[in-house]
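A.B. asks: Quick one: structure below, then a few questions.
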Amino acid sequence: AYGIPAVHYPEPWPNDGLTVMRVAAWAHSAGAGRRFARAAFEVQFGDGLALSDEENIELAAHRAGLDPVYALAAAQDPEVKVALIENTQAAIDVGAPGVPTIVVGDQVFWGDDRLHEAVAAAS
């Protein structure tokens with residue numbers, strides 16, 4: 001219904017996403033968060049490659065137009081680690097129960113079955 005290609009879950013699933021989430025936090029601060037997020041989802045669920053593996057994170061960074069080696073190094077930066085902790089706390093504070101969660105004003109919409117409501121609230 002959303003035009004999303006078939007999902008291919010990686011092995012193992014679920015997997016450890018800490019490093020890739022740190023790279024996502026860094027990419028966001030570098031103005032490339034959306035590009036990286038899309039590339040990461042395509043690698044993990046389109047290609048079926050686990051983002052717990054550094055080479056797959058590098059592939060996602062490359063596809064997003066980012067330097068893969070620098071992206072992985074950024075995941076170890078203490079400021080990036082703090083940014084991810086703060087982002088996680090902000091999600092907890094707003095009441096985000098999972099993915100996808102969209103916040104419009106003071107309304108929290110959770111689940112792909114609520115996306116149309118989030119769009120209507122934002123209009």
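Going by the structure tokens order, chains are called A, B, ..., each with residues numbered from 1, while ligands are numbered from 1 in the order shown.
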Might you pull out every residue within 12 Å of Val103 (chain A), with only C-alpha atoms counted and same-chain residues fewer than 3 positions away left off, and present them as a list in words?
C.D. replies: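 Counting only C-alpha atoms, the residues come to Ala90, Ala91, Asp93, Val94, Gly95, Ala96, Pro97, Val99, Pro100, Asp106, Gln107, Val108, Phe109, Trp110, Gly111, Arg114, Leu115, Glu117, Ala118, Val119, Ala121 and Ala122 of chain A.
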A.B. asks: Quick one: write out the picked residues with N, CA, C and O atoms as a PDB file, in the first residue's frame?
C.D. replies:
```
ATOM      1  N   ALA A  90      14.878  11.901  24.636  1.00  0.00           N
ATOM      2  CA  ALA A  90      13.817  12.751  24.094  1.00  0.00           C
ATOM      3  C   ALA A  90      12.653  11.901  23.588  1.00  0.00           C
ATOM      4  O   ALA A  90      11.489  12.247  23.778  1.00  0.00           O
ATOM      5  N   ALA A  91      12.953  10.765  22.956  1.00  0.00           N
ATOM      6  CA  ALA A  91      11.902   9.863  22.483  1.00  0.00           C
ATOM      7  C   ALA A  91      11.131   9.277  23.664  1.00  0.00           C
ATOM      8  O   ALA A  91       9.897   9.190  23.634  1.00  0.00           O
ATOM      9  N   ASP A  93      10.844  10.661  26.619  1.00  0.00           N
ATOM     10  CA  ASP A  93      10.106  11.759  27.247  1.00  0.00           C
ATOM     11  C   ASP A  93       8.810  12.100  26.523  1.00  0.00           C
ATOM     12  O   ASP A  93       7.820  12.475  27.146  1.00  0.00           O
ATOM     13  N   VAL A  94       8.802  11.972  25.195  1.00  0.00           N
ATOM     14  CA  VAL A  94       7.599  12.293  24.429  1.00  0.00           C
ATOM     15  C   VAL A  94       6.616  11.116  24.427  1.00  0.00           C
ATOM     16  O   VAL A  94       5.473  11.251  24.005  1.00  0.00           O
ATOM     17  N   GLY A  95       7.078   9.965  24.892  1.00  0.00           N
ATOM     18  CA  GLY A  95       6.204   8.806  24.963  1.00  0.00           C
ATOM     19  C   GLY A  95       6.232   7.925  23.735  1.00  0.00           C
ATOM     20  O   GLY A  95       5.280   7.201  23.477  1.00  0.00           O
ATOM     21  N   ALA A  96       7.317   7.982  22.974  1.00  0.00           N
ATOM     22  CA  ALA A  96       7.429   7.145  21.780  1.00  0.00           C
ATOM     23  C   ALA A  96       7.538   5.678  22.186  1.00  0.00           C
ATOM     24  O   ALA A  96       8.501   5.281  22.826  1.00  0.00           O
ATOM     25  N   PRO A  97       6.532   4.870  21.825  1.00  0.00           N
ATOM     26  CA  PRO A  97       6.544   3.473  22.232  1.00  0.00           C
ATOM     27  C   PRO A  97       7.335   2.567  21.288  1.00  0.00           C
ATOM     28  O   PRO A  97       7.629   1.431  21.625  1.00  0.00           O
ATOM     29  N   VAL A  99       8.684   2.165  16.737  1.00  0.00           N
ATOM     30  CA  VAL A  99       8.883   2.725  15.406  1.00  0.00           C
ATOM     31  C   VAL A  99       7.781   2.199  14.500  1.00  0.00           C
ATOM     32  O   VAL A  99       7.474   1.005  14.547  1.00  0.00           O
ATOM     33  N   PRO A 100       7.206   3.031  13.665  1.00  0.00           N
ATOM     34  CA  PRO A 100       7.419   4.470  13.554  1.00  0.00           C
ATOM     35  C   PRO A 100       6.561   5.260  14.562  1.00  0.00           C
ATOM     36  O   PRO A 100       5.403   4.933  14.775  1.00  0.00           O
ATOM     37  N   ASP A 106       1.529  18.159  20.293  1.00  0.00           N
ATOM     38  CA  ASP A 106       1.571  17.336  21.498  1.00  0.00           C
ATOM     39  C   ASP A 106       0.935  15.959  21.278  1.00  0.00           C
ATOM     40  O   ASP A 106       0.715  15.207  22.224  1.00  0.00           O
ATOM     41  N   GLN A 107       0.649  15.629  20.012  1.00  0.00           N
ATOM     42  CA  GLN A 107       0.052  14.334  19.681  1.00  0.00           C
ATOM     43  C   GLN A 107       1.136  13.355  19.236  1.00  0.00           C
ATOM     44  O   GLN A 107       2.015  13.699  18.442  1.00  0.00           O
ATOM     45  N   VAL A 108       1.055  12.135  19.742  1.00  0.00           N
ATOM     46  CA  VAL A 108       1.990  11.073  19.389  1.00  0.00           C
ATOM     47  C   VAL A 108       1.237  10.023  18.579  1.00  0.00           C
ATOM     48  O   VAL A 108       0.208   9.517  19.018  1.00  0.00           O
ATOM     49  N   PHE A 109       1.747   9.724  17.397  1.00  0.00           N
ATOM     50  CA  PHE A 109       1.145   8.723  16.520  1.00  0.00           C
ATOM     51  C   PHE A 109       2.134   7.572  16.376  1.00  0.00           C
ATOM     52  O   PHE A 109       3.268   7.774  15.951  1.00  0.00           O
ATOM     53  N   TRP A 110       1.706   6.367  16.750  1.00  0.00           N
ATOM     54  CA  TRP A 110       2.583   5.220  16.685  1.00  0.00           C
ATOM     55  C   TRP A 110       1.997   4.159  15.776  1.00  0.00           C
ATOM     56  O   TRP A 110       0.820   3.817  15.871  1.00  0.00           O
ATOM     57  N   GLY A 111       2.830   3.648  14.890  1.00  0.00           N
ATOM     58  CA  GLY A 111       2.450   2.562  14.000  1.00  0.00           C
ATOM     59  C   GLY A 111       2.148   3.027  12.590  1.00  0.00           C
ATOM     60  O   GLY A 111       1.677   4.141  12.377  1.00  0.00           O
ATOM     61  N   ARG A 114      -1.178   4.451  11.627  1.00  0.00           N
ATOM     62  CA  ARG A 114      -1.564   5.786  12.101  1.00  0.00           C
ATOM     63  C   ARG A 114      -0.902   6.898  11.287  1.00  0.00           C
ATOM     64  O   ARG A 114      -1.060   8.073  11.594  1.00  0.00           O
ATOM     65  N   LEU A 115      -0.137   6.534  10.264  1.00  0.00           N
ATOM     66  CA  LEU A 115       0.568   7.539   9.464  1.00  0.00           C
ATOM     67  C   LEU A 115      -0.392   8.546   8.842  1.00  0.00           C
ATOM     68  O   LEU A 115      -0.114   9.742   8.826  1.00  0.00           O
ATOM     69  N   GLU A 117      -3.193   9.555   9.988  1.00  0.00           N
ATOM     70  CA  GLU A 117      -3.647  10.484  11.031  1.00  0.00           C
ATOM     71  C   GLU A 117      -2.582  11.541  11.332  1.00  0.00           C
ATOM     72  O   GLU A 117      -2.907  12.708  11.553  1.00  0.00           O
ATOM     73  N   ALA A 118      -1.329  11.134  11.331  1.00  0.00           N
ATOM     74  CA  ALA A 118      -0.234  12.076  11.569  1.00  0.00           C
ATOM     75  C   ALA A 118      -0.170  13.117  10.461  1.00  0.00           C
ATOM     76  O   ALA A 118       0.007  14.308  10.715  1.00  0.00           O
ATOM     77  N   VAL A 119      -0.346  12.657   9.216  1.00  0.00           N
ATOM     78  CA  VAL A 119      -0.341  13.586   8.089  1.00  0.00           C
ATOM     79  C   VAL A 119      -1.496  14.575   8.202  1.00  0.00           C
ATOM     80  O   VAL A 119      -1.329  15.781   8.004  1.00  0.00           O
ATOM     81  N   ALA A 121      -3.010  15.541  10.919  1.00  0.00           N
ATOM     82  CA  ALA A 121      -2.754  16.452  12.041  1.00  0.00           C
ATOM     83  C   ALA A 121      -1.728  17.512  11.689  1.00  0.00           C
ATOM     84  O   ALA A 121      -1.775  18.631  12.203  1.00  0.00           O
ATOM     85  N   ALA A 122      -0.816  17.176  10.785  1.00  0.00           N
ATOM     86  CA  ALA A 122       0.234  18.128  10.397  1.00  0.00           C
ATOM     87  C   ALA A 122      -0.250  19.110   9.347  1.00  0.00           C
ATOM     88  O   ALA A 122       0.374  20.129   9.122  1.00  0.00           O
TER      89      ALA A 122
END
```
A.B. asks: Name all residues at most 7 Å from Ala24 (chain A) (count only C-alpha atoms; drop same-chain ones fewer than 6 positions away) and give them as a ChimeraX atom specification.
C.D. replies: /A:33,36-37
A.B. asks: I'd like the neighbourhood of region 74-86 of chain A as an MDAnalysis selection string, where a residue qualifies if any of its atoms comes within 10 Å (using only C-alpha atoms), though same-chain residues fewer than 4 positions away should be ignored.
C.D. replies: chainID A and resid 18:29 68:70 90:92
A.B. asks: Considering only C-alpha atoms, can you say which of A:Leu66, A:Trp13, A:His8, A:Ala120 comes closest to Glu42 (chain A)?
C.D. replies: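 Going through A:Leu66, A:Trp13, A:His8, A:Ala120 one by one, the smallest distance to Glu42 (chain A) is for A:His8.
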A.B. asks: CA of Phe41 (chain A) and CA of Gly98 (chain A) are how many Å apart?
C.D. replies: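 Computing the Euclidean distance for CA of Phe41 (chain A) and CA of Gly98 (chain A) yields 15.8 Å.
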A.B. asks: May I have all residues of region 64-119 of chain A that DSSP, computed from the backbone, assigns to strand (DSSP E), given as a list in words?
C.D. replies: Thr101, Ile102, Val103, Val104, Gln107, Val108, Phe109 and Trp110 of chain A
A.B. asks: Work out how far CA of Thr101 (chain A) is from CA of Asp53 (chain A), in Å to one decimal.
C.D. replies: 25.9 Å
A.B. asks: Taking the DSSP assignment computed from this structure's backbone, write out as JSON, numbers by chain all residues of chain A that belong to alpha helix (DSSP H).
C.D. replies: {"A": [18, 19, 20, 21, 22, 23, 24, 25, 26, 27, 28, 29, 33, 34, 35, 36, 37, 38, 39, 40, 41, 54, 55, 56, 57, 58, 59, 60, 61, 62, 63, 68, 69, 70, 71, 72, 73, 74, 78, 79, 80, 81, 82, 83, 84, 85, 86, 87, 88, 89, 90, 91, 92, 93, 94, 115, 116, 117, 118, 119, 120, 121, 122]}
A.B. asks: Using only C-alpha atoms, which of the listed residues (A:Arg35, A:Phe45, A:Asn56, A:His62) sits closest to Ile4 (chain A)?
C.D. replies: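 Using only C-alpha atoms, the shortest distance to Ile4 (chain A) belongs to A:Phe45.
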A.B. asks: Using CA of Ala40 (chain A) and CA of Asp67 (chain A) as the two end points, give the distance in Å to one decimal.
C.D. replies: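 The value is 14.1 Å.
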A.B. asks: Using only C-alpha atoms, determine which residues lie at most 9 Å from Asn15 (chain A), disregarding the query and same-chain residues fewer than 5 positions distant; provide the list as a count of residues only.
C.D. replies: 4
